[in-house]
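For reference, protein38.cif (mmCIF, C-alpha atoms and all ligand atoms):
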data_query
#
loop_
_atom_site.label_atom_id
_atom_site.label_comp_id
_atom_site.auth_asym_id
_atom_site.auth_seq_id
_atom_site.Cartn_x
_atom_site.Cartn_y
_atom_site.Cartn_z
CA MET S 1 96.78 111.91 91.10
CA LYS S 2 93.04 111.19 91.28
CA GLY S 3 91.02 113.12 88.71
CA LYS S 4 93.99 114.34 86.66
CA LYS S 5 93.23 114.48 82.98
CA VAL S 6 94.99 112.62 80.18
CA LEU S 7 94.48 113.05 76.45
CA VAL S 8 95.40 109.86 74.57
CA GLY S 9 96.19 110.40 70.89
CA VAL S 10 95.91 107.20 68.85
CA THR S 11 97.43 107.16 65.37
CA GLY S 12 97.21 104.62 62.55
CA GLY S 13 99.54 101.75 63.32
CA ILE S 14 98.77 98.13 64.13
CA ALA S 15 99.72 98.78 67.78
CA ALA S 16 96.54 100.93 68.02
CA TYR S 17 94.87 97.88 69.57
CA LYS S 18 97.26 98.14 72.55
CA ALA S 19 96.05 101.71 73.16
CA ALA S 20 92.71 100.25 74.26
CA GLU S 21 94.46 98.45 77.12
CA LEU S 22 96.36 101.62 77.95
CA VAL S 23 93.08 103.57 78.25
CA ARG S 24 91.67 100.85 80.51
CA LEU S 25 94.73 101.02 82.77
CA LEU S 26 94.60 104.84 82.93
CA ILE S 27 90.94 104.71 83.97
CA LYS S 28 91.77 102.06 86.57
CA ALA S 29 94.43 104.43 87.94
CA ASP S 30 91.61 106.96 88.61
CA LEU S 31 92.55 109.32 85.78
CA ARG S 32 90.06 111.07 83.48
CA VAL S 33 90.72 110.11 79.87
CA GLU S 34 89.77 111.68 76.57
CA VAL S 35 90.78 110.00 73.30
CA ALA S 36 91.60 111.64 69.97
CA MET S 37 92.11 109.36 66.98
CA THR S 38 93.43 110.02 63.50
CA ARG S 39 91.30 108.81 60.59
CA SER S 40 93.84 106.01 59.92
CA ALA S 41 93.64 104.87 63.55
CA THR S 42 89.87 104.37 63.20
CA ARG S 43 90.62 101.80 60.45
CA PHE S 44 92.44 99.66 63.04
CA VAL S 45 90.19 100.10 66.09
CA THR S 46 86.73 101.63 66.22
CA PRO S 47 86.10 104.79 68.26
CA LEU S 48 83.38 102.85 70.07
CA THR S 49 86.06 100.75 71.80
CA PHE S 50 87.70 103.87 73.25
CA GLU S 51 84.37 105.52 74.04
CA THR S 52 83.28 102.49 76.03
CA LEU S 53 86.57 102.30 77.92
CA SER S 54 86.99 106.04 78.61
CA GLY S 55 83.33 106.95 79.06
CA ASN S 56 83.94 109.95 76.79
CA LYS S 57 83.17 110.72 73.15
CA VAL S 58 86.19 110.12 70.89
CA ILE S 59 87.32 113.01 68.68
CA ALA S 60 88.40 111.74 65.30
CA GLY S 61 87.75 114.53 62.78
CA MET S 62 88.30 118.27 62.93
CA PHE S 63 84.71 119.03 61.96
CA ASP S 64 82.94 116.01 63.48
CA ARG S 65 80.92 117.91 66.08
CA GLU S 66 79.54 121.41 65.73
CA ASP S 67 79.21 121.90 69.49
CA MET S 68 82.93 121.33 69.97
CA ALA S 69 84.35 123.96 67.63
CA MET S 70 87.25 124.83 69.99
CA ASP S 71 88.22 121.27 70.91
CA HIS S 72 91.50 121.43 68.99
CA ILE S 73 92.55 124.25 71.35
CA ARG S 74 90.93 122.99 74.56
CA CYS S 75 92.01 119.34 74.46
CA GLY S 76 95.74 119.91 74.68
CA GLN S 77 95.39 122.72 77.21
CA ASP S 78 93.09 121.30 79.85
CA ALA S 79 94.93 117.96 79.95
CA ASP S 80 97.65 117.33 82.53
CA LEU S 81 99.35 114.95 80.12
CA ILE S 82 99.08 114.00 76.44
CA ILE S 83 100.13 110.48 75.48
CA ILE S 84 100.48 109.63 71.80
CA ALA S 85 100.45 105.83 71.57
CA PRO S 86 101.14 104.48 69.09
CA ALA S 87 102.85 107.42 67.41
CA THR S 88 103.45 106.79 63.70
CA ALA S 89 106.37 108.28 61.74
CA ASN S 90 103.76 110.58 60.19
CA ILE S 91 102.53 112.17 63.46
CA VAL S 92 106.12 112.43 64.77
CA GLY S 93 107.07 114.32 61.57
CA LYS S 94 104.01 116.55 61.72
CA ILE S 95 104.53 117.55 65.36
CA ALA S 96 108.25 118.15 64.77
CA HIS S 97 107.58 120.43 61.80
CA GLY S 98 104.48 122.24 62.99
CA ILE S 99 102.02 120.75 60.52
CA GLY S 100 98.36 120.83 61.57
CA ASP S 101 96.30 119.08 58.92
CA ASP S 102 93.95 117.03 61.10
CA PHE S 103 92.50 117.16 64.61
CA LEU S 104 95.38 115.56 66.54
CA SER S 105 98.23 117.38 64.81
CA THR S 106 96.38 120.72 65.15
CA CYS S 107 95.69 120.00 68.80
CA MET S 108 99.43 119.38 69.34
CA LEU S 109 100.20 122.82 67.87
CA ALA S 110 98.04 124.50 70.50
CA ALA S 111 98.90 122.12 73.37
CA THR S 112 100.44 123.36 76.59
CA ALA S 113 100.40 120.02 78.50
CA LYS S 114 103.41 117.72 78.93
CA ALA S 115 103.50 115.14 76.16
CA LEU S 116 104.70 111.53 76.09
CA ILE S 117 105.33 110.23 72.57
CA CYS S 118 105.46 106.44 72.11
CA PRO S 119 106.68 105.71 68.59
CA ALA S 120 105.77 102.30 67.13
CA MET S 121 106.40 101.28 63.54
CA ASN S 122 108.44 99.04 61.24
CA ASP S 123 112.10 98.89 62.36
CA HIS S 124 113.48 100.39 59.10
CA MET S 125 110.96 103.19 59.35
CA PHE S 126 111.94 103.82 62.98
CA LEU S 127 115.67 103.81 62.18
CA ASN S 128 115.21 106.08 59.14
CA PRO S 129 117.37 109.17 59.76
CA ALA S 130 114.39 111.46 59.08
CA VAL S 131 112.35 109.80 61.85
CA GLN S 132 115.34 109.73 64.22
CA ASP S 133 116.03 113.42 63.58
CA ASN S 134 112.37 114.28 64.16
CA LEU S 135 112.36 112.37 67.46
CA ALA S 136 115.59 114.10 68.53
CA LEU S 137 114.02 117.45 67.69
CA LEU S 138 110.95 116.66 69.79
CA GLN S 139 113.11 115.53 72.70
CA LYS S 140 115.11 118.76 72.47
CA ARG S 141 111.86 120.70 72.68
CA GLY S 142 110.85 118.98 75.92
CA PHE S 143 108.68 116.13 74.65
CA PHE S 144 109.19 112.82 76.50
CA ILE S 145 109.98 110.00 74.08
CA MET S 146 109.43 106.41 75.21
CA ALA S 147 111.74 104.19 73.18
CA PRO S 148 110.00 101.32 71.38
CA GLU S 149 110.91 97.76 72.33
CA SER S 150 112.90 95.46 70.07
CA GLY S 151 111.43 92.20 68.91
CA GLU S 152 109.19 90.56 66.37
CA LEU S 153 107.10 93.15 64.54
CA ALA S 154 103.69 92.78 62.91
CA CYS S 155 105.28 93.31 59.48
CA GLY S 156 107.33 90.13 59.95
CA THR S 157 110.73 91.70 60.70
CA ASP S 158 112.64 91.76 63.94
CA GLY S 159 114.01 94.99 65.41
CA PRO S 160 113.14 98.15 67.31
CA GLY S 161 109.60 99.42 66.72
CA ARG S 162 107.26 97.57 69.09
CA LEU S 163 105.01 99.66 71.31
CA PRO S 164 106.06 99.08 74.95
CA ASP S 165 103.69 97.15 77.15
CA PRO S 166 100.70 99.36 78.13
CA SER S 167 101.56 98.82 81.83
CA ASP S 168 105.02 100.34 81.20
CA ILE S 169 103.45 103.32 79.36
CA LEU S 170 101.09 103.74 82.33
CA GLU S 171 104.03 103.69 84.75
CA GLN S 172 105.90 106.32 82.69
CA SER S 173 102.73 108.44 82.55
CA LEU S 174 102.27 108.26 86.32
CA ILE S 175 105.91 109.33 86.76
CA LEU S 176 105.19 112.39 84.59
CA LEU S 177 101.99 113.19 86.48
CA SER S 178 103.35 112.77 90.02
CA LYS S 179 104.78 115.32 92.41
CA ARG S 180 108.58 114.87 92.53
CA ASP S 181 109.11 115.44 96.24
CA LEU S 182 111.51 112.50 96.68
CA GLU S 183 114.08 113.62 94.12
CA GLY S 184 117.62 113.19 95.47
CA CYS S 185 116.41 110.54 97.93
CA LYS S 186 117.74 106.94 97.81
CA ILE S 187 115.21 104.43 99.12
CA LEU S 188 115.75 100.72 99.63
CA VAL S 189 112.61 98.58 99.79
CA THR S 190 112.41 94.86 100.52
CA ALA S 191 109.40 92.87 99.38
CA GLY S 192 107.88 89.42 99.15
CA PRO S 193 108.59 86.23 101.06
CA THR S 194 111.88 84.40 101.40
CA THR S 195 112.20 80.73 100.51
CA GLU S 196 114.32 78.40 102.61
CA TYR S 197 115.34 75.22 100.85
CA ILE S 198 114.92 71.72 102.30
CA ASP S 199 116.26 70.04 99.15
CA PRO S 200 116.45 71.04 95.45
CA VAL S 201 112.66 70.73 95.00
CA ARG S 202 111.17 71.69 98.37
CA TYR S 203 111.23 74.86 100.40
CA ILE S 204 109.57 76.64 103.31
CA THR S 205 107.98 80.00 102.62
CA ASN S 206 105.02 82.20 103.67
CA ARG S 207 101.92 83.82 102.14
CA SER S 208 103.48 87.20 101.28
CA SER S 209 102.71 88.22 97.68
CA GLY S 210 105.06 91.23 97.59
CA LYS S 211 102.22 93.60 96.60
CA MET S 212 102.86 96.10 99.42
CA GLY S 213 106.62 96.27 98.83
CA TYR S 214 106.24 96.64 95.06
CA ALA S 215 103.64 99.39 95.61
CA LEU S 216 106.18 101.21 97.81
CA ALA S 217 108.89 100.87 95.14
CA ARG S 218 106.52 102.15 92.43
CA ALA S 219 105.25 105.07 94.51
CA ALA S 220 108.81 106.13 95.45
CA LEU S 221 109.96 105.91 91.82
CA ARG S 222 107.02 108.01 90.64
CA ARG S 223 107.93 110.67 93.19
CA GLY S 224 111.49 110.89 91.87
CA ALA S 225 113.44 108.69 94.32
CA GLU S 226 116.32 106.45 93.36
CA VAL S 227 114.86 103.05 94.27
CA VAL S 228 116.50 99.72 95.05
CA LEU S 229 114.04 96.84 95.37
CA VAL S 230 115.33 93.66 97.01
CA SER S 231 112.64 91.09 96.48
CA GLY S 232 111.99 87.47 97.35
CA PRO S 233 110.18 85.37 94.72
CA THR S 234 106.90 86.97 93.56
CA THR S 235 104.84 86.99 90.35
CA ILE S 236 104.94 90.80 90.05
CA LYS S 237 106.88 92.53 87.26
CA PRO S 238 109.33 95.06 88.74
CA PRO S 239 108.77 98.61 87.44
CA PRO S 240 111.31 99.77 84.84
CA GLY S 241 113.72 102.37 86.22
CA ILE S 242 114.51 100.79 89.57
CA VAL S 243 117.54 98.76 90.65
CA PHE S 244 116.04 95.29 91.04
CA ARG S 245 117.75 92.60 93.16
CA PRO S 246 115.84 89.32 93.14
CA VAL S 247 116.75 87.00 96.04
CA LYS S 248 115.52 83.71 97.43
CA THR S 249 116.65 83.09 100.99
CA ALA S 250 116.88 85.38 104.04
CA GLU S 251 120.67 85.10 103.83
CA ASP S 252 120.59 86.27 100.16
CA MET S 253 118.34 89.14 101.25
CA ARG S 254 120.71 90.15 104.04
CA ARG S 255 123.66 90.25 101.63
CA ALA S 256 121.74 92.29 99.02
CA VAL S 257 120.41 94.77 101.60
CA PHE S 258 123.86 95.39 103.09
CA GLU S 259 125.37 95.75 99.60
CA HIS S 260 122.93 98.59 98.81
CA ARG S 261 122.45 100.31 102.18
CA ASN S 262 125.20 102.93 101.72
CA GLY S 263 123.78 106.38 101.08
CA CYS S 264 120.15 105.32 101.69
CA HIS S 265 117.89 108.03 103.11
CA MET S 266 115.15 105.49 103.88
CA ILE S 267 115.04 101.71 104.22
CA ILE S 268 111.57 100.17 104.24
CA LYS S 269 111.46 96.48 105.12
CA ALA S 270 108.13 95.22 103.81
CA ALA S 271 109.47 91.69 103.16
CA ALA S 272 108.16 88.75 105.17
CA VAL S 273 111.45 87.13 106.07
CA SER S 274 111.50 83.50 107.23
CA ASP S 275 112.62 83.49 110.83
CA TYR S 276 114.13 79.99 110.52
CA ARG S 277 115.72 77.87 107.81
CA PRO S 278 116.47 74.15 107.64
CA LYS S 279 119.81 73.46 109.34
CA GLU S 280 120.91 71.45 106.31
CA THR S 281 119.80 71.69 102.69
CA ALA S 282 120.03 68.26 101.06
CA ASP S 283 121.91 68.14 97.73
CA GLN S 284 119.53 65.54 96.35
CA LYS S 285 115.74 65.19 96.64
CA VAL S 286 114.90 63.67 100.02
CA LYS S 287 113.21 60.28 99.57
CA LYS S 288 110.20 59.30 101.61
CA GLY S 289 110.87 56.58 104.19
CA THR S 290 109.77 56.61 107.78
CA GLU S 291 106.15 57.36 108.89
CA SER S 292 107.09 60.71 110.36
CA PHE S 293 109.67 63.31 109.40
CA SER S 294 111.02 66.21 111.39
CA LEU S 295 113.16 69.07 110.28
CA ASP S 296 115.92 70.67 112.30
CA MET S 297 115.67 74.47 111.88
CA VAL S 298 118.11 77.25 112.76
CA LYS S 299 117.46 80.95 113.18
CA ASN S 300 117.93 83.30 110.23
CA PRO S 301 119.64 86.68 110.67
CA ASP S 302 117.17 89.43 111.61
CA ILE S 303 118.08 91.84 108.81
CA LEU S 304 116.10 94.76 110.19
CA ALA S 305 117.59 94.36 113.67
CA LEU S 306 121.09 94.30 112.12
CA LEU S 307 120.28 97.53 110.26
CA GLY S 308 118.97 99.08 113.48
CA GLU S 309 122.10 98.08 115.44
CA THR S 310 124.33 99.85 112.93
CA LYS S 311 122.11 102.88 112.28
CA LYS S 312 124.48 105.35 113.94
CA ALA S 313 127.12 104.71 111.29
CA HIS S 314 124.52 104.73 108.49
CA PRO S 315 121.86 107.27 109.49
CA CYS S 316 118.59 106.79 107.63
CA ILE S 317 114.87 106.52 108.34
CA LEU S 318 114.31 102.86 109.19
CA VAL S 319 110.79 101.58 108.63
CA GLY S 320 109.70 98.07 109.58
CA PHE S 321 106.51 96.15 109.00
CA ALA S 322 104.85 94.06 111.67
CA ALA S 323 102.69 91.18 110.54
CA GLU S 324 100.48 90.27 113.49
CA THR S 325 97.40 88.18 114.14
CA GLU S 326 96.83 89.50 117.70
CA ALA S 327 97.80 92.41 120.02
CA LEU S 328 98.76 94.47 116.97
CA VAL S 329 99.97 97.67 118.63
CA LYS S 330 101.63 96.02 121.61
CA ASN S 331 103.62 93.58 119.48
CA ALA S 332 104.52 96.23 116.92
CA ARG S 333 105.80 98.59 119.66
CA LYS S 334 108.10 95.85 120.96
CA LYS S 335 109.59 95.54 117.47
CA ILE S 336 110.22 99.31 117.19
CA ASN S 337 112.30 99.23 120.34
CA ALA S 338 114.02 95.90 119.73
CA LYS S 339 115.07 96.86 116.19
CA ASN S 340 115.79 100.60 116.73
CA LEU S 341 113.21 101.75 114.16
CA ASP S 342 111.80 105.19 113.41
CA MET S 343 108.44 103.84 112.41
CA ILE S 344 106.63 100.54 112.04
CA VAL S 345 103.67 99.72 109.83
CA ALA S 346 101.47 97.21 111.61
CA ASN S 347 99.30 94.87 109.60
CA ASP S 348 96.59 92.63 110.95
CA VAL S 349 97.28 89.68 108.66
CA SER S 350 94.24 87.76 109.87
CA ARG S 351 91.93 90.22 108.05
CA LYS S 352 90.59 89.20 104.64
CA ASP S 353 90.87 92.70 103.12
CA ALA S 354 94.31 93.65 104.45
CA GLY S 355 97.82 92.26 104.80
CA PHE S 356 99.01 89.29 102.77
CA GLN S 357 97.96 88.83 99.11
CA THR S 358 95.25 91.51 99.06
CA ASP S 359 95.09 94.58 96.80
CA THR S 360 93.96 96.73 99.72
CA ASN S 361 95.44 97.39 103.12
CA ALA S 362 94.52 99.10 106.40
CA VAL S 363 97.50 99.75 108.64
CA LYS S 364 98.49 101.32 111.91
CA ILE S 365 101.59 103.49 111.63
CA ILE S 366 103.39 103.52 114.95
CA TYR S 367 106.22 105.96 115.65
CA ALA S 368 109.25 105.64 117.92
CA ASP S 369 107.76 108.39 120.17
CA GLY S 370 104.65 106.28 120.78
CA ARG S 371 102.18 107.99 118.42
CA VAL S 372 99.80 105.71 116.55
CA GLU S 373 98.07 106.66 113.29
CA ASP S 374 95.28 104.61 111.75
CA SER S 375 94.83 104.44 107.99
CA PRO S 376 91.48 103.67 106.42
CA LEU S 377 91.18 100.68 104.09
CA MET S 378 92.87 101.83 100.87
CA GLY S 379 94.52 100.45 97.74
CA LYS S 380 98.11 99.39 98.47
CA ILE S 381 99.48 102.17 96.24
CA ASP S 382 97.67 104.76 98.40
CA VAL S 383 98.98 103.11 101.58
CA ALA S 384 102.45 103.25 100.00
CA HIS S 385 102.13 107.01 99.38
CA LEU S 386 100.98 107.53 102.98
CA ILE S 387 103.97 105.60 104.35
CA LEU S 388 106.33 107.61 102.12
CA ASP S 389 104.69 110.89 103.23
CA ARG S 390 105.24 109.98 106.87
CA ALA S 391 108.81 108.69 106.37
CA LYS S 392 109.65 111.84 104.39
CA ALA S 393 108.31 114.02 107.23
CA LEU S 394 110.57 112.17 109.69
CA LYS S 395 113.53 112.58 107.31
CA ASP S 396 112.86 116.32 106.89
CA GLU S 397 112.63 116.76 110.67
CA SER S 398 115.82 114.81 111.40
CA PRO S 399 119.05 116.85 111.84
N1 LIG S 401 112.56 91.03 109.58
C1 LIG S 401 113.86 90.93 109.10
N2 LIG S 401 114.55 89.77 109.25
C2 LIG S 401 113.99 88.70 109.85
C3 LIG S 401 112.67 88.79 110.34
C4 LIG S 401 111.97 89.98 110.19
O1 LIG S 401 114.37 91.91 108.54
N3 LIG S 401 114.69 87.58 109.99
C5 LIG S 401 111.84 92.31 109.43
C6 LIG S 401 110.62 92.25 108.51
O2 LIG S 401 110.99 92.58 107.17
C7 LIG S 401 109.69 93.28 109.11
C8 LIG S 401 110.05 93.26 110.60
O3 LIG S 401 111.34 92.65 110.69
O4 LIG S 401 109.95 94.58 108.64
C9 LIG S 401 109.07 92.50 111.46
O5 LIG S 401 108.85 91.22 110.91
P1 LIG S 401 107.78 90.24 111.57
O6 LIG S 401 107.78 88.96 110.79
O7 LIG S 401 106.48 90.96 111.79
O8 LIG S 401 108.37 90.01 113.01
P2 LIG S 401 109.57 89.23 113.61
O9 LIG S 401 110.59 90.22 114.03
O10 LIG S 401 110.04 88.16 112.69
O11 LIG S 401 108.92 88.60 114.91
P3 LIG S 401 107.73 87.52 115.06
O12 LIG S 401 107.82 86.64 113.83
O13 LIG S 401 108.07 86.83 116.30
O14 LIG S 401 106.44 88.30 115.12
#
As structure tokens:
Amino acid sequence: MKGKKVLVGVTGGIAAYKAAELVRLLIKADLRVEVAMTRSATRFVTPLTFETLSGNKVIAGMFDREDMAMDHIRCGQDADLIIIAPATANIVGKIAHGIGDDFLSTCMLAATAKALICPAMNDHMFLNPAVQDNLALLQKRGFFIMAPESGELACGTDGPGRLPDPSDILEQSLILLSKRDLEGCKILVTAGPTTEYIDPVRYITNRSSGKMGYALARAALRRGAEVVLVSGPTTIKPPPGIVFRPVKTAEDMRRAVFEHRNGCHMIIKAAAVSDYRPKETADQKVKKGTESFSLDMVKNPDILALLGETKKAHPCILVGFAAETEALVKNARKKINAKNLDMIVANDVSRKDAGFQTDTNAVKIIYADGRVEDSPLMGKIDVAHLILDRAKALKDESP
């Protein structure tokens, strides 16, 4: 993914301001970005905004720069992806009917890259049969159309026409840019902590943020897998396009995992499951009284061990995580054997730059045959791709 090139076409709608955030997110995802704006778009946001964010000169007019005479041919051919966001009714109509009367529309005539069109406009304009027919025509010709969201629009009406959140456009773009080597593969991922209730207002939990599990779900989705994400409470927005099962307790998680396990090619248990729960959950808030208070706890089901015990009847690549503060490899190896796993990803959770709540991770991948592989410190999305690469290799090798 690193270094792939994206051309962002910005046209003249109020949502042009959201394109600035999209460019920032694309750059953050390590992509190279060039921006082409229509003249109307420059009335909403200045080219300087996009130049600062992308680090590249913005192309707004066909004859702006003498040294770039062939840009209208080059731009759409050396990009890996073209995103038009926001796409007005005007640009949609021009692309559909082969009109090239400015830089962006001419560039689209010569383009060979995949294109993602994100229409955003007034709801009546969007629902106009001419616009709908033009969008259908583009879709038929292989353009990817990202449907606008419904809601309150800048013109004061309520309906379909809002540009999707830039993070959702980024996710769709990364799906279009990724290799699709997990197509046909069903992957279940668990993420986040579980919460075990003492009473209606208090619970026991742990420091897991869910970042690693969500990165795995995202990476698998981008590579074409059918993804089920069973997640304890986190603050992360699940990516669109996955089956999302939010849960709270370990018992909820067990039920959800067993509901979705059929047909899974891989199950990756990144969740930090509470090992114990209060024996009783009080119906009412517990009042303070005595000087000390102790809680009777009972063991939760070990979901991963239950999956391992029944793996013969449901063959799949079973990947566990081991959160350790000492004797990383030794403890992780014990868990591989005890839970009948194919692979375990061991995390030293005492490190500041890895494990719980961080954006980076450095892991040891330990295999059932004893091999140990060290990963360097990487972003969690890169660790996720590495884990998926290794799990896929095991799946491809298995009979
Ligand atoms: N796990 C699970 N159900 C549990 C506890 C753990 O499915 N009740 C899974 C986790 O999702 C993880 C793996 O088992 O993939 C290891 O979890 P970890 O907390 O590291 O180890 P435990 O088995 O709970 O052992 P300990 O807490 O003693 O280290």
Mind listing the residues within 6 Å of ligand LIG 401 (chain S), only C-alpha atoms and all ligand atoms counted, as a PDB file with C-alpha atoms, in the frame of the given file?
ATOM      1  CA  LYS S 269     111.460  96.480 105.120  1.00  0.00           C
ATOM      2  CA  ALA S 270     108.130  95.220 103.810  1.00  0.00           C
ATOM      3  CA  ALA S 271     109.470  91.690 103.160  1.00  0.00           C
ATOM      4  CA  ALA S 272     108.160  88.750 105.170  1.00  0.00           C
ATOM      5  CA  VAL S 273     111.450  87.130 106.070  1.00  0.00           C
ATOM      6  CA  SER S 274     111.500  83.500 107.230  1.00  0.00           C
ATOM      7  CA  ASP S 275     112.620  83.490 110.830  1.00  0.00           C
ATOM      8  CA  ASN S 300     117.930  83.300 110.230  1.00  0.00           C
ATOM      9  CA  PRO S 301     119.640  86.680 110.670  1.00  0.00           C
ATOM     10  CA  ASP S 302     117.170  89.430 111.610  1.00  0.00           C
ATOM     11  CA  ILE S 303     118.080  91.840 108.810  1.00  0.00           C
ATOM     12  CA  LEU S 304     116.100  94.760 110.190  1.00  0.00           C
ATOM     13  CA  GLY S 320     109.700  98.070 109.580  1.00  0.00           C
ATOM     14  CA  PHE S 321     106.510  96.150 109.000  1.00  0.00           C
ATOM     15  CA  ALA S 322     104.850  94.060 111.670  1.00  0.00           C
ATOM     16  CA  ALA S 323     102.690  91.180 110.540  1.00  0.00           C
TER      17      ALA S 323
END
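For region 342-348 of chain S, the residues within 7 Å (counting all atoms listed in the file, excluding itself and residues fewer than 4 positions away along the chain) are Ile317, Leu318, Val319, Gly320, Phe321, Ala322, Ala323, Glu324, Thr325, Leu328, Ala332, Ile336, Ala354, Gly355, Val363, Lys364, Ile365, Ile366, Tyr367 and Ala368 of chain S.
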Q: Mind checking which residues fall within 7 Å of region 305-310 of chain S, counting only C-alpha atoms, ignoring those fewer than 4 positions away in the same chain, and posting them as a VMD selection string?
A: chain S and resid 314 339 to 341
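You can rank S:Pro129, S:Gly93, S:Gly161, S:Gly184 by their closest distance to Gly13 (chain S) using all atoms listed in the file, and at the top of that list sits S:Gly161.
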Near Ala110 (chain S), within 9 Å and counting only C-alpha atoms, which residues show up once chain neighbours fewer than 6 positions away are dropped, as a short mmCIF file (atom, residue, chain, number, x, y, z; two decimals) with C-alpha atoms, in the frame of the given file?
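Printed below is around06.cif as written:
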data_model
loop_
_atom_site.label_atom_id
_atom_site.label_comp_id
_atom_site.auth_asym_id
_atom_site.auth_seq_id
_atom_site.Cartn_x
_atom_site.Cartn_y
_atom_site.Cartn_z
CA HIS S 72 91.50 121.43 68.99
CA ILE S 73 92.55 124.25 71.35
CA ARG S 74 90.93 122.99 74.56
CA CYS S 75 92.01 119.34 74.46
CA GLY S 76 95.74 119.91 74.68
CA GLN S 77 95.39 122.72 77.21
#
For region 163-278 of chain S versus region 149-155 of chain S, which residues have an atom no more than 12 Å away, and what is each residue's nearest atom pair and distance in Å rounded to one decimal, using all atoms listed in the file, chain-then-number order, as CSV?
residue,atom,partner,partner_atom,distance
S:Leu163,CA,S:Glu149,CA,6.3
S:Pro164,CA,S:Glu149,CA,5.7
S:Asp165,CA,S:Glu149,CA,8.7
S:Pro166,CA,S:Glu149,CA,11.9
S:Asp168,CA,S:Glu149,CA,11.0
S:Ile169,CA,S:Glu149,CA,11.7
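Nearest residue to Val230 (chain S), choosing from S:Pro278, S:Pro246, S:Gly9, S:Gly263 and counting all atoms listed in the file: S:Pro246.
Between Ala111 (chain S) and the candidates S:Ile82, S:Ala15, S:Val45, S:Met37, the tightest atom-to-atom separation, counting all atoms listed in the file, involves S:Ile82.
The coordinates place CA of Thr157 (chain S) at 29.0 Å from CA of Ala115 (chain S).
Closest approach to Lys2 (chain S) among S:Met253, S:Thr281, S:Leu295, S:Asp382: S:Asp382, based on all atoms listed in the file.
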Q) Can you tell me how far CA of Ile84 (chain S) sits from CA of Phe63 (chain S), in Å to one decimal? A) 20.8 Å
Q | Between CA of Pro86 (chain S) and CA of Thr11 (chain S) - distance in Å to one decimal | A | 5.9 Å
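If you measure from each of S:Ala20, S:Ala250, S:Val243, S:Leu81 to Ile175 (chain S) using all atoms listed in the file, the closest one turns out to be S:Leu81.
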I'd like the neighbourhood of Lys380 (chain S) as a PDB file with C-alpha atoms, keeping the file's coordinate frame, where a residue qualifies if any of its atoms comes within 7 Å (using only C-alpha atoms), though same-chain residues fewer than 5 positions away should be ignored.
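Okay, this is what ended up in around.pdb:
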ATOM      1  CA  MET S 212     102.860  96.100  99.420  1.00  0.00           C
ATOM      2  CA  ALA S 215     103.640  99.390  95.610  1.00  0.00           C
ATOM      3  CA  ASP S 359      95.090  94.580  96.800  1.00  0.00           C
ATOM      4  CA  THR S 360      93.960  96.730  99.720  1.00  0.00           C
ATOM      5  CA  ASN S 361      95.440  97.390 103.120  1.00  0.00           C
TER       6      ASN S 361
END
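Shortest atom-to-atom contact with Ala120 (chain S) among S:Leu53, S:Leu174, S:Leu31, S:Val10: S:Val10, counting all atoms listed in the file.
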Q.
What's around Asp80 (chain S) at 9 Å? Count only C-alpha atoms, leave out sequence neighbours fewer than 4 positions away in its own chain, and write the answer as a PyMOL selection string.
A. chain S and resi 4-7+76+112-115+177
Give the centre and edge lengths of an axis-aligned box, in Å to one decimal, that holds all listed atoms of region 286-301 of chain S with 6 Å on each side, as lines of an AutoDock Vina configuration file.
center_x = 112.9
center_y = 71.6
center_z = 106.4
size_x = 25.5
size_y = 42.1
size_z = 25.6
